[in-house]
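**Q** Provided herewith: target-v2.txt, compact mmCIF, C-alpha atoms and all ligand atoms.
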# COMPACT_ATOMS: atom_id res chain seq x y z
CA MET A 1339 0.00 0.00 0.00
CA LEU A 1340 2.66 2.54 1.06
CA VAL A 1341 4.84 1.54 -1.92
CA GLY A 1342 1.93 2.49 -4.21
CA VAL A 1343 1.55 5.85 -2.45
CA TRP A 1344 5.30 6.46 -2.69
CA LEU A 1345 5.40 5.64 -6.37
CA LEU A 1346 2.42 7.86 -7.14
CA SER A 1347 3.77 10.84 -5.22
CA GLU A 1348 7.21 10.56 -6.86
CA TRP A 1349 5.59 10.25 -10.30
CA TYR A 1350 3.53 13.43 -9.67
CA LYS A 1351 6.71 15.20 -8.58
CA LEU A 1352 8.37 14.40 -11.90
CA GLY A 1353 5.44 15.84 -13.89
CA SER A 1354 3.27 12.67 -14.12
CA PRO A 1355 4.24 11.66 -17.69
CA LYS A 1356 1.51 9.53 -19.32
CA PRO A 1357 1.06 6.75 -20.13
CA LEU A 1358 2.98 5.53 -17.11
CA GLN A 1359 5.19 2.58 -17.99
CA LEU A 1360 5.58 0.44 -14.87
CA VAL A 1361 8.14 -2.36 -14.90
CA GLU A 1362 8.43 -5.00 -12.19
CA MET A 1363 11.47 -7.24 -12.24
CA GLY A 1364 10.66 -10.68 -10.79
CA PRO A 1365 7.00 -10.17 -9.79
CA GLY A 1366 6.72 -13.53 -7.92
CA ARG A 1367 3.01 -14.12 -7.38
CA GLY A 1368 2.13 -10.56 -8.42
CA THR A 1369 1.21 -9.51 -4.87
CA LEU A 1370 3.12 -6.23 -4.76
CA LEU A 1371 1.96 -5.13 -8.20
CA HIS A 1372 -1.63 -6.02 -7.31
CA ASP A 1373 -1.45 -3.75 -4.23
CA VAL A 1374 0.24 -0.97 -6.20
CA LEU A 1375 -2.45 -1.10 -8.91
CA LYS A 1376 -5.17 -0.85 -6.25
CA VAL A 1377 -3.63 2.41 -4.99
CA LEU A 1378 -3.13 3.81 -8.50
CA SER A 1379 -6.69 3.05 -9.46
CA ARG A 1380 -8.01 4.66 -6.26
CA PHE A 1381 -6.26 7.83 -7.45
CA GLY A 1382 -7.86 7.56 -10.90
CA LEU A 1383 -4.91 5.97 -12.67
CA SER A 1384 -6.05 2.88 -14.57
CA GLY A 1385 -6.78 1.55 -18.06
CA GLU A 1386 -4.66 2.94 -20.88
CA ASP A 1387 -3.03 5.51 -18.54
CA ILE A 1388 -0.67 2.73 -17.41
CA SER A 1389 1.16 -0.07 -19.16
CA LEU A 1390 2.59 -2.94 -17.09
CA HIS A 1391 5.77 -4.76 -18.07
CA LEU A 1392 6.71 -7.86 -16.10
CA VAL A 1393 10.23 -9.23 -16.39
CA GLU A 1394 9.80 -12.87 -15.42
CA VAL A 1395 11.81 -15.93 -16.41
CA SER A 1396 9.34 -18.45 -14.98
CA GLU A 1397 6.37 -19.07 -17.27
CA GLU A 1398 4.77 -21.03 -14.42
CA LEU A 1399 4.86 -17.92 -12.21
CA SER A 1400 3.63 -15.78 -15.10
CA VAL A 1401 0.39 -17.84 -14.98
CA LYS A 1402 0.03 -17.06 -11.24
CA GLN A 1403 0.77 -13.38 -11.90
CA GLU A 1404 -1.89 -13.23 -14.57
CA LYS A 1405 -4.45 -14.82 -12.22
CA LYS A 1406 -3.63 -12.30 -9.51
CA LEU A 1407 -3.64 -9.21 -11.73
CA CYS A 1408 -6.52 -10.14 -14.03
CA ASN A 1409 -9.15 -11.19 -11.45
CA GLY A 1410 -8.45 -14.87 -11.89
CA GLU A 1411 -9.23 -14.66 -15.58
CA SER A 1412 -6.85 -15.57 -18.33
CA SER A 1413 -7.23 -13.67 -21.58
CA SER A 1414 -3.57 -13.92 -22.42
CA GLN A 1415 -2.27 -14.30 -25.93
CA GLU A 1416 1.01 -15.89 -26.79
CA GLN A 1417 3.75 -13.82 -28.33
CA CYS A 1418 3.35 -12.61 -31.92
CA GLN A 1419 6.45 -13.42 -33.89
CA ASP A 1420 7.57 -9.79 -34.24
CA GLU A 1421 7.04 -8.92 -30.60
CA LEU A 1422 9.62 -8.99 -27.85
CA TYR A 1423 7.23 -10.10 -25.08
CA TYR A 1424 6.20 -13.74 -24.63
CA LYS A 1425 2.69 -13.13 -23.34
CA THR A 1426 0.18 -10.28 -23.04
CA SER A 1427 -3.06 -9.76 -21.14
CA THR A 1428 -5.22 -7.02 -19.60
CA SER A 1429 -5.34 -6.25 -15.87
CA SER A 1430 -8.62 -6.10 -13.96
CA SER A 1431 -8.23 -2.30 -13.99
CA GLY A 1432 -8.03 -2.38 -17.81
CA SER A 1433 -4.29 -1.82 -18.27
CA PRO A 1434 -2.27 -3.80 -20.81
CA ILE A 1435 0.26 -6.26 -19.32
CA PHE A 1436 3.28 -7.68 -21.15
CA TRP A 1437 5.68 -10.41 -19.99
CA TYR A 1438 9.37 -10.49 -21.00
CA ARG A 1439 12.30 -12.81 -20.31
CA HIS A 1440 14.77 -9.92 -19.95
CA LEU A 1441 14.69 -6.22 -19.14
CA SER A 1442 16.52 -5.35 -22.36
CA LEU A 1443 13.34 -6.29 -24.32
CA VAL A 1444 11.03 -3.77 -22.58
CA PRO A 1445 10.20 -0.57 -24.58
CA LYS A 1446 12.58 2.31 -23.87
CA LEU A 1447 10.40 5.06 -22.34
CA PHE A 1448 10.07 6.99 -19.07
CA THR A 1449 9.66 4.11 -16.61
CA ILE A 1450 9.08 3.37 -12.97
CA PHE A 1451 11.09 0.25 -12.11
CA LEU A 1452 10.21 -1.91 -9.12
CA ALA A 1453 12.35 -4.75 -7.80
CA HIS A 1454 11.06 -6.36 -4.61
CA GLU A 1455 12.96 -9.42 -3.35
CA PHE A 1456 14.39 -9.76 -6.83
CA PHE A 1457 18.12 -8.97 -6.63
CA ASP A 1458 18.60 -11.46 -3.77
CA VAL A 1459 17.60 -14.39 -6.01
CA LEU A 1460 20.13 -13.62 -8.75
CA PRO A 1461 23.16 -15.93 -9.04
CA ILE A 1462 26.33 -14.97 -7.18
CA HIS A 1463 30.02 -15.81 -7.25
CA LYS A 1464 31.63 -16.52 -3.88
CA MET A 1465 35.26 -15.52 -3.34
CA GLN A 1466 37.64 -16.23 -0.51
CA ARG A 1467 40.90 -14.57 0.45
CA THR A 1468 43.83 -17.00 0.80
CA LYS A 1469 47.56 -16.52 1.44
CA GLU A 1470 48.04 -16.65 -2.33
CA GLY A 1471 45.34 -14.01 -3.00
CA TRP A 1472 41.62 -14.18 -3.89
CA ARG A 1473 40.21 -17.53 -4.99
CA GLU A 1474 36.72 -18.46 -6.16
CA VAL A 1475 34.58 -20.91 -4.20
CA LEU A 1476 33.37 -23.55 -6.65
CA ILE A 1477 31.02 -26.51 -6.35
CA ASP A 1478 32.35 -29.99 -7.02
CA ILE A 1479 31.05 -33.55 -6.86
CA ASP A 1480 31.67 -34.99 -3.41
CA GLU A 1481 33.01 -38.51 -3.76
CA GLY A 1482 33.77 -38.78 -0.05
CA ASP A 1483 31.54 -39.31 3.00
CA GLY A 1484 30.04 -35.78 3.04
CA PRO A 1485 26.32 -35.35 3.80
CA HIS A 1486 25.47 -34.32 0.22
CA HIS A 1487 26.70 -35.33 -3.21
CA LEU A 1488 28.24 -31.90 -3.62
CA ARG A 1489 30.93 -29.93 -1.78
CA TYR A 1490 32.60 -26.52 -1.91
CA VAL A 1491 36.18 -26.32 -3.23
CA LEU A 1492 38.53 -23.40 -3.84
CA SER A 1493 39.82 -22.66 -7.33
CA ASN A 1494 43.54 -23.40 -7.46
CA ALA A 1495 44.24 -20.17 -9.36
CA PRO A 1496 42.53 -16.78 -9.84
CA THR A 1497 39.41 -17.03 -12.04
CA PRO A 1498 37.91 -14.34 -14.34
CA ALA A 1499 35.47 -13.48 -11.53
CA THR A 1500 38.20 -13.03 -8.89
CA LYS A 1501 40.18 -10.88 -11.32
CA ILE A 1502 37.23 -8.60 -12.15
CA PHE A 1503 35.37 -8.40 -8.86
CA THR A 1504 37.92 -8.44 -6.03
CA GLU A 1505 40.25 -5.74 -4.71
CA ASP A 1506 43.31 -6.24 -2.54
CA GLU A 1507 42.17 -3.36 -0.32
CA ASP A 1508 38.85 -5.08 0.50
CA PRO A 1509 39.11 -5.83 4.24
CA ARG A 1510 36.83 -8.86 4.04
CA ALA A 1511 38.03 -12.47 4.16
CA SER A 1512 35.28 -13.55 1.79
CA LEU A 1513 32.64 -11.89 -0.38
CA GLU A 1514 29.76 -12.53 -2.76
CA VAL A 1515 29.13 -10.74 -6.03
CA SER A 1516 26.35 -10.90 -8.64
CA PRO A 1517 27.46 -9.95 -12.17
CA GLU A 1518 23.82 -10.27 -13.34
CA ALA A 1519 22.81 -7.61 -10.81
CA ALA A 1520 25.49 -5.34 -12.27
CA VAL A 1521 24.22 -5.88 -15.83
CA LEU A 1522 20.62 -5.12 -14.81
CA CYS A 1523 21.56 -1.98 -12.85
CA LYS A 1524 23.56 -0.70 -15.83
CA GLU A 1525 20.58 -1.38 -18.11
CA VAL A 1526 18.29 0.58 -15.74
CA ALA A 1527 20.84 3.41 -15.54
CA GLY A 1528 21.19 3.70 -19.34
CA ARG A 1529 17.42 3.79 -19.77
CA MET A 1530 16.85 6.31 -16.99
CA GLU A 1531 19.59 8.58 -18.25
CA GLU A 1532 18.07 8.68 -21.75
CA HIS A 1533 14.34 8.51 -21.06
CA GLY A 1534 13.89 9.44 -17.39
CA GLY A 1535 12.31 7.40 -14.64
CA ILE A 1536 12.53 6.20 -11.07
CA ALA A 1537 13.67 2.87 -9.64
CA LEU A 1538 12.78 1.42 -6.25
CA ILE A 1539 14.71 -1.60 -5.02
CA ILE A 1540 13.48 -3.35 -1.88
CA ASP A 1541 15.44 -6.28 -0.50
CA TYR A 1542 17.43 -7.93 2.27
CA GLY A 1543 20.91 -6.54 2.10
CA HIS A 1544 24.01 -4.78 3.39
CA ASP A 1545 26.35 -1.96 2.47
CA GLY A 1546 29.25 -3.96 1.05
CA LYS A 1547 30.50 -5.25 4.39
CA ASP A 1548 28.85 -8.66 4.79
CA THR A 1549 30.60 -11.82 3.72
CA ASP A 1550 28.82 -15.14 3.72
CA THR A 1551 25.06 -14.80 3.25
CA PHE A 1552 24.29 -17.46 0.61
CA ARG A 1553 21.56 -19.76 1.93
CA ALA A 1554 18.62 -21.96 0.92
CA TYR A 1555 15.01 -22.20 2.10
CA LYS A 1556 12.59 -25.03 1.64
CA ASN A 1557 9.11 -24.97 3.17
CA HIS A 1558 10.14 -21.84 5.14
CA GLN A 1559 13.04 -23.75 6.77
CA GLN A 1560 16.66 -22.82 6.15
CA GLN A 1561 18.79 -25.66 4.82
CA ASP A 1562 22.21 -26.27 3.31
CA PRO A 1563 22.23 -24.93 -0.29
CA LEU A 1564 24.04 -28.11 -1.41
CA ARG A 1565 21.24 -30.34 -0.16
CA GLU A 1566 18.78 -31.45 -2.88
CA PRO A 1567 19.69 -28.74 -5.41
CA GLY A 1568 16.79 -27.51 -7.51
CA THR A 1569 14.21 -28.07 -4.78
CA ALA A 1570 14.89 -25.08 -2.50
CA ASP A 1571 14.89 -21.28 -2.96
CA LEU A 1572 18.42 -19.89 -3.03
CA THR A 1573 19.17 -16.38 -1.82
CA ALA A 1574 22.11 -14.11 -0.96
CA ASP A 1575 21.76 -10.70 0.70
CA VAL A 1576 22.02 -7.83 -1.76
CA ASP A 1577 25.20 -5.74 -1.72
CA PHE A 1578 23.60 -2.29 -2.06
CA ASP A 1579 27.00 -0.57 -2.33
CA PHE A 1580 27.77 -2.72 -5.37
CA LEU A 1581 24.43 -1.78 -7.01
CA LYS A 1582 25.09 1.93 -6.38
CA GLU A 1583 28.59 1.62 -7.82
CA GLN A 1584 27.11 0.38 -11.13
CA VAL A 1585 24.92 3.47 -11.66
CA LYS A 1586 26.95 6.26 -10.09
CA GLU A 1587 27.97 7.83 -13.43
CA GLN A 1588 24.40 8.39 -14.63
CA LEU A 1589 22.09 8.36 -11.61
CA VAL A 1590 21.67 9.74 -8.12
CA THR A 1591 20.77 7.27 -5.41
CA PHE A 1592 18.88 7.55 -2.13
CA GLY A 1593 19.39 4.99 0.60
CA PRO A 1594 19.49 2.23 1.36
CA VAL A 1595 17.33 3.04 4.34
CA THR A 1596 15.89 0.35 6.57
CA GLN A 1597 12.30 -0.70 6.00
CA SER A 1598 11.49 0.54 9.48
CA SER A 1599 12.78 4.02 8.69
CA PHE A 1600 11.18 4.12 5.20
CA LEU A 1601 7.75 3.10 6.49
CA THR A 1602 7.99 5.44 9.49
CA ASN A 1603 8.95 8.32 7.18
CA MET A 1604 5.96 7.39 5.02
CA GLY A 1605 3.59 7.65 7.99
CA ILE A 1606 2.90 3.96 8.75
CA GLU A 1607 2.11 4.77 12.39
CA THR A 1608 -0.62 7.28 11.47
CA ARG A 1609 -2.04 4.79 8.99
CA LEU A 1610 -2.08 2.05 11.65
CA GLN A 1611 -3.87 4.35 14.13
CA ASN A 1612 -6.53 5.15 11.49
CA LEU A 1613 -7.07 1.48 10.66
CA LEU A 1614 -7.32 0.56 14.36
CA LYS A 1615 -10.07 3.12 15.01
CA ASP A 1616 -13.00 0.99 14.00
CA CYS A 1617 -11.85 -2.58 13.58
CA LYS A 1618 -12.81 -5.85 15.30
CA PRO A 1619 -10.51 -7.31 18.04
CA GLU A 1620 -9.28 -10.09 15.70
CA GLU A 1621 -8.40 -7.56 12.96
CA ARG A 1622 -6.74 -5.39 15.58
CA ARG A 1623 -4.41 -8.24 16.60
CA ASN A 1624 -3.52 -8.93 12.94
CA LEU A 1625 -2.86 -5.25 12.19
CA ILE A 1626 -0.57 -4.86 15.19
CA SER A 1627 1.36 -8.06 14.51
CA GLY A 1628 1.69 -7.06 10.81
CA PHE A 1629 3.01 -3.65 11.86
CA ARG A 1630 5.53 -5.28 14.20
CA MET A 1631 6.68 -7.76 11.57
CA LEU A 1632 7.34 -4.95 9.09
CA THR A 1633 9.04 -2.50 11.44
CA GLU A 1634 10.73 -4.32 14.36
CA PRO A 1635 14.50 -4.58 13.95
CA LYS A 1636 14.55 -8.30 14.86
CA GLN A 1637 11.95 -9.05 12.18
CA MET A 1638 11.99 -7.26 8.79
CA GLY A 1639 12.53 -3.70 10.05
CA GLN A 1640 16.33 -3.63 9.96
CA LYS A 1641 17.58 -6.11 7.38
CA PHE A 1642 15.03 -5.26 4.71
CA LYS A 1643 16.07 -2.06 2.92
CA PHE A 1644 14.89 0.49 0.36
CA LEU A 1645 17.11 2.03 -2.32
CA ALA A 1646 15.94 4.54 -4.96
CA PHE A 1647 17.52 5.70 -8.24
CA TYR A 1648 16.78 8.94 -10.12
CA PRO A 1649 18.36 10.48 -13.23
CA GLY A 1650 21.52 12.45 -12.38
CA VAL A 1651 20.32 15.49 -14.36
CA ILE A 1652 17.66 16.27 -11.74
CA LYS A 1653 20.03 16.14 -8.77
CA ASP A 1654 19.52 19.82 -7.85
CA PHE A 1655 15.74 19.45 -8.04
CA LEU A 1656 15.95 16.35 -5.81
CA LEU A 1657 18.08 18.15 -3.25
CA LYS A 1658 15.22 20.61 -2.84
CA ASN A 1659 12.53 17.90 -3.16
CA PRO A 1660 13.98 14.69 -1.72
CA PRO A 1661 11.93 11.52 -2.22
CA GLU A 1662 9.37 10.68 0.41
CA GLY A 1663 10.59 8.02 2.80
CA PHE A 1664 14.29 8.76 2.25
CA TYR A 1665 14.57 12.44 3.14
CA ARG A 1666 18.13 13.54 2.68
CA ASN A 1667 19.96 10.23 2.24
CA LEU A 1668 21.23 11.36 -1.16
CA GLU A 1669 24.52 10.33 -2.78
C1 LIG B 1701 11.17 -13.92 -4.52
S1 LIG B 1701 10.32 -13.66 -5.99
C2 LIG B 1701 9.86 -11.96 -5.95
C3 LIG B 1701 8.63 -11.60 -5.14
C4 LIG B 1701 7.79 -10.49 -5.71
N1 LIG B 1701 8.54 -9.40 -6.25
C5 LIG B 1701 6.78 -9.95 -4.70
O1 LIG B 1701 6.81 -8.76 -4.41
O2 LIG B 1701 5.97 -10.71 -4.21
C6 LIG B 1701 11.59 -13.67 -7.23
C7 LIG B 1701 11.03 -13.52 -8.63
O3 LIG B 1701 12.09 -13.28 -9.56
C8 LIG B 1701 11.94 -14.15 -10.69
N2 LIG B 1701 13.29 -14.28 -11.29
C9 LIG B 1701 14.36 -14.96 -10.82
N3 LIG B 1701 15.45 -14.76 -11.62
C10 LIG B 1701 15.05 -13.93 -12.60
C11 LIG B 1701 15.70 -13.32 -13.71
N4 LIG B 1701 16.98 -13.56 -13.98
N5 LIG B 1701 14.99 -12.50 -14.51
C12 LIG B 1701 13.66 -12.27 -14.27
N6 LIG B 1701 12.99 -12.80 -13.21
C13 LIG B 1701 13.66 -13.62 -12.40
C14 LIG B 1701 11.36 -15.39 -10.08
O4 LIG B 1701 10.79 -16.25 -11.03
C15 LIG B 1701 10.32 -14.74 -9.15
O5 LIG B 1701 9.18 -14.31 -9.84
Kindly transcribe the structure held in the file into structure tokens.

**A**
Amino acid sequence: MLVGVWLLSEWYKLGSPKPLQLVEMGPGRGTLLHDVLKVLSRFGLSGEDISLHLVEVSEELSVKQEKKLCNGESSSQEQCQDELYYKTSTSSSGSPIFWYRHLSLVPKLFTIFLAHEFFDVLPIHKMQRTKEGWREVLIDIDEGDGPHHLRYVLSNAPTPATKIFTEDEDPRASLEVSPEAAVLCKEVAGRMEEHGGIALIIDYGHDGKDTDTFRAYKNHQQQDPLREPGTADLTADVDFDFLKEQVKEQLVTFGPVTQSSFLTNMGIETRLQNLLKDCKPEERRNLISGFRMLTEPKQMGQKFKFLAFYPGVIKDFLLKNPPEGFYRNLE
């Protein structure tokens, strides 16, 4: 809900160019976009005023997204041969939706980009410092008595990834890096520099200091990533400093700020008080526990962070009109 309000207010601030092209990278089950569209439509933005562009590699999830965004109905058509999208449909608020396998295929226009729990699922390289210098952590078949059929091994020489992505001055003993994240950030930066736009990245992450965050989840339980590969969700915390580094020539960035601080800056407490005014006891309990889950440091309040990108050419304007939720965390 508050993401929709944020997006709308930032879009107004930049002159509300229409139609609004909204891109979500990795929409999952379409939950965030569904909530955002509800807010936009409440403020009279629906139908042809918006076009929705979903960057999604999983066709299976694209079916779930269509169900969520199109009121359970499927009117989708498969890709025409000349088109760059693989599927198209119409949202329940009457806006066209297109699905793509890669961001590079989306039309180049003024765009609002959303990435919510997307960058943390991209593949990473793991590196480790040794007496001989940086080495890459690789995965090998385990022919010994280990618990899984796979094991981690160190490369016996520098690899292309260690040569490109490590620095001797880095104080860490190990690190993780996602080249795909770099490619996508550069693509966003190039587009925003030429056509304008805003990007909001929301994810678990750190400011370039964390080391070993690669992990797997299956049925909400954490497990060893080498156990039963292909059956668990893999994730690594996002290195926000690395993302900012990729766009610093063309864009200005705000954040990352913690979810707790973003939502507080956006007035979540006032909204909670309003919702609590006339609700039933059961709803009251749910609202309060939802609020705590989102804002308490031990839950999602601290580790979950918000980062925003804007075109560098409007830096002076942004200094006078900083984005809601971030205030003056500009770089
Ligand atoms: C954890 S889910 C995101 C949740 C969603 N954004 C939400 O708000 O509910 C990750 C999504 O990214 C998609 N994905 C993973 N790798 C991708 C890639 N390289 N390009 C596009 N989508 C990708 C997955 O299929 C999935 O839809």

**Q** Using all atoms listed in the file, can you tell me which of A:Ile1502, A:Ser1384, A:Met1530, A:Lys1556 comes closest to A:Gln1588?

**A** A:Met1530

**Q** What is the distance, in Å and to one decimal place, between atom CA of A:Leu1538 and atom CA of A:Leu1452?

**A**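 Atom CA of A:Leu1452 lies at a distance of 5.1 Å from atom CA of A:Leu1538.
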
**Q** Tell me, in Å to one decimal, how far atom CA of A:Ile1652 is from atom CA of A:Leu1375.

**A**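 Going from atom CA of A:Ile1652 over to atom CA of A:Leu1375, I get 26.7 Å.
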
**Q** Please tell me which residues are no farther than 12 Å from (8.6, -1.9, 13.9) in the file, counting all atoms listed in the file, and write them as JSON, numbers by chain.

**A** {"A": [1596, 1597, 1598, 1599, 1600, 1601, 1602, 1606, 1607, 1610, 1626, 1627, 1628, 1629, 1630, 1631, 1632, 1633, 1634, 1635, 1636, 1637, 1638, 1639, 1640, 1641, 1642]}

**Q** Please give me, as a count of residues only, the residues lying within 9 Å of ligand LIG 1701 (chain B) when counting only C-alpha atoms and all ligand atoms.

**A** 39

**Q** Counting all atoms listed in the file, write as a ChimeraX atom specification all protein and nucleic acid residues lying at most 12 Å from (17.8, 7.5, -1.4) in the file's frame.

**A** /A:1536-1540,1578,1582,1589-1596,1599-1600,1643-1648,1653,1656-1657,1659-1669

**Q** Would you compute the distance between atom CA of A:Met1339 and atom CA of A:Lys1376? Give it in Å to one decimal.

**A**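 One can read the atom CA of A:Met1339 to atom CA of A:Lys1376 distance as 8.2 Å.
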
**Q** Each residue of stretch 1447-1472 of chain A with at least one atom at most 7 Å from stretch 1513-1517 of chain A should appear once, together with its nearest atom pair and the corresponding distance in Å (one decimal); atoms considered: only C-alpha atoms; ordering: chain, then increasing residue number; output as JSON lines.

**A**
{"residue": "A:Leu1460", "atom": "CA", "partner": "A:Ser1516", "partner_atom": "CA", "distance": 6.8}
{"residue": "A:Pro1461", "atom": "CA", "partner": "A:Ser1516", "partner_atom": "CA", "distance": 6.0}
{"residue": "A:Ile1462", "atom": "CA", "partner": "A:Ser1516", "partner_atom": "CA", "distance": 4.3}
{"residue": "A:His1463", "atom": "CA", "partner": "A:Val1515", "partner_atom": "CA", "distance": 5.3}
{"residue": "A:Lys1464", "atom": "CA", "partner": "A:Glu1514", "partner_atom": "CA", "distance": 4.5}
{"residue": "A:Met1465", "atom": "CA", "partner": "A:Leu1513", "partner_atom": "CA", "distance": 5.4}
{"residue": "A:Gln1466", "atom": "CA", "partner": "A:Leu1513", "partner_atom": "CA", "distance": 6.6}

**Q** Can you work out which one of A:Leu1625, A:Cys1408, A:Ala1520, A:Val1526 has the shortest atom-to-atom distance to A:Asp1577, counting all atoms listed in the file?

**A**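 Closest to A:Asp1577 of all the choices is A:Ala1520.
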
**Q** Because the input lacks atoms here, generate N, CA and C atoms for stretch 1401-1412 of chain A and report them as a PDB file, in the coordinates of the input.

**A**
ATOM      1  N   VAL A1401       1.810 -17.427 -15.019  1.00  0.00           N
ATOM      2  CA  VAL A1401       0.390 -17.840 -14.980  1.00  0.00           C
ATOM      3  C   VAL A1401      -0.228 -17.354 -13.663  1.00  0.00           C
ATOM      4  N   LYS A1402       0.529 -17.516 -12.551  1.00  0.00           N
ATOM      5  CA  LYS A1402       0.030 -17.060 -11.240  1.00  0.00           C
ATOM      6  C   LYS A1402      -0.122 -15.539 -11.232  1.00  0.00           C
ATOM      7  N   GLN A1403       0.840 -14.848 -11.857  1.00  0.00           N
ATOM      8  CA  GLN A1403       0.770 -13.380 -11.900  1.00  0.00           C
ATOM      9  C   GLN A1403      -0.471 -12.937 -12.666  1.00  0.00           C
ATOM     10  N   GLU A1404      -0.727 -13.615 -13.772  1.00  0.00           N
ATOM     11  CA  GLU A1404      -1.890 -13.230 -14.570  1.00  0.00           C
ATOM     12  C   GLU A1404      -3.176 -13.435 -13.767  1.00  0.00           C
ATOM     13  N   LYS A1405      -3.243 -14.555 -13.041  1.00  0.00           N
ATOM     14  CA  LYS A1405      -4.450 -14.820 -12.220  1.00  0.00           C
ATOM     15  C   LYS A1405      -4.645 -13.706 -11.199  1.00  0.00           C
ATOM     16  N   LYS A1406      -3.547 -13.310 -10.568  1.00  0.00           N
ATOM     17  CA  LYS A1406      -3.630 -12.300  -9.510  1.00  0.00           C
ATOM     18  C   LYS A1406      -4.033 -10.930 -10.070  1.00  0.00           C
ATOM     19  N   LEU A1407      -3.457 -10.579 -11.209  1.00  0.00           N
ATOM     20  CA  LEU A1407      -3.640  -9.210 -11.730  1.00  0.00           C
ATOM     21  C   LEU A1407      -4.873  -9.082 -12.612  1.00  0.00           C
ATOM     22  N   CYS A1408      -5.409 -10.211 -13.079  1.00  0.00           N
ATOM     23  CA  CYS A1408      -6.520 -10.140 -14.030  1.00  0.00           C
ATOM     24  C   CYS A1408      -7.762 -10.792 -13.440  1.00  0.00           C
ATOM     25  N   ASN A1409      -7.942 -10.675 -12.099  1.00  0.00           N
ATOM     26  CA  ASN A1409      -9.150 -11.190 -11.450  1.00  0.00           C
ATOM     27  C   ASN A1409      -9.382 -12.670 -11.681  1.00  0.00           C
ATOM     28  N   GLY A1410      -8.319 -13.422 -11.702  1.00  0.00           N
ATOM     29  CA  GLY A1410      -8.450 -14.870 -11.890  1.00  0.00           C
ATOM     30  C   GLY A1410      -8.733 -15.279 -13.312  1.00  0.00           C
ATOM     31  N   GLU A1411      -8.898 -14.296 -14.197  1.00  0.00           N
ATOM     32  CA  GLU A1411      -9.230 -14.660 -15.580  1.00  0.00           C
ATOM     33  C   GLU A1411      -7.990 -14.675 -16.444  1.00  0.00           C
ATOM     34  N   SER A1412      -7.978 -15.565 -17.411  1.00  0.00           N
ATOM     35  CA  SER A1412      -6.850 -15.570 -18.330  1.00  0.00           C
ATOM     36  C   SER A1412      -7.335 -15.222 -19.728  1.00  0.00           C
TER      37      SER A1412
END
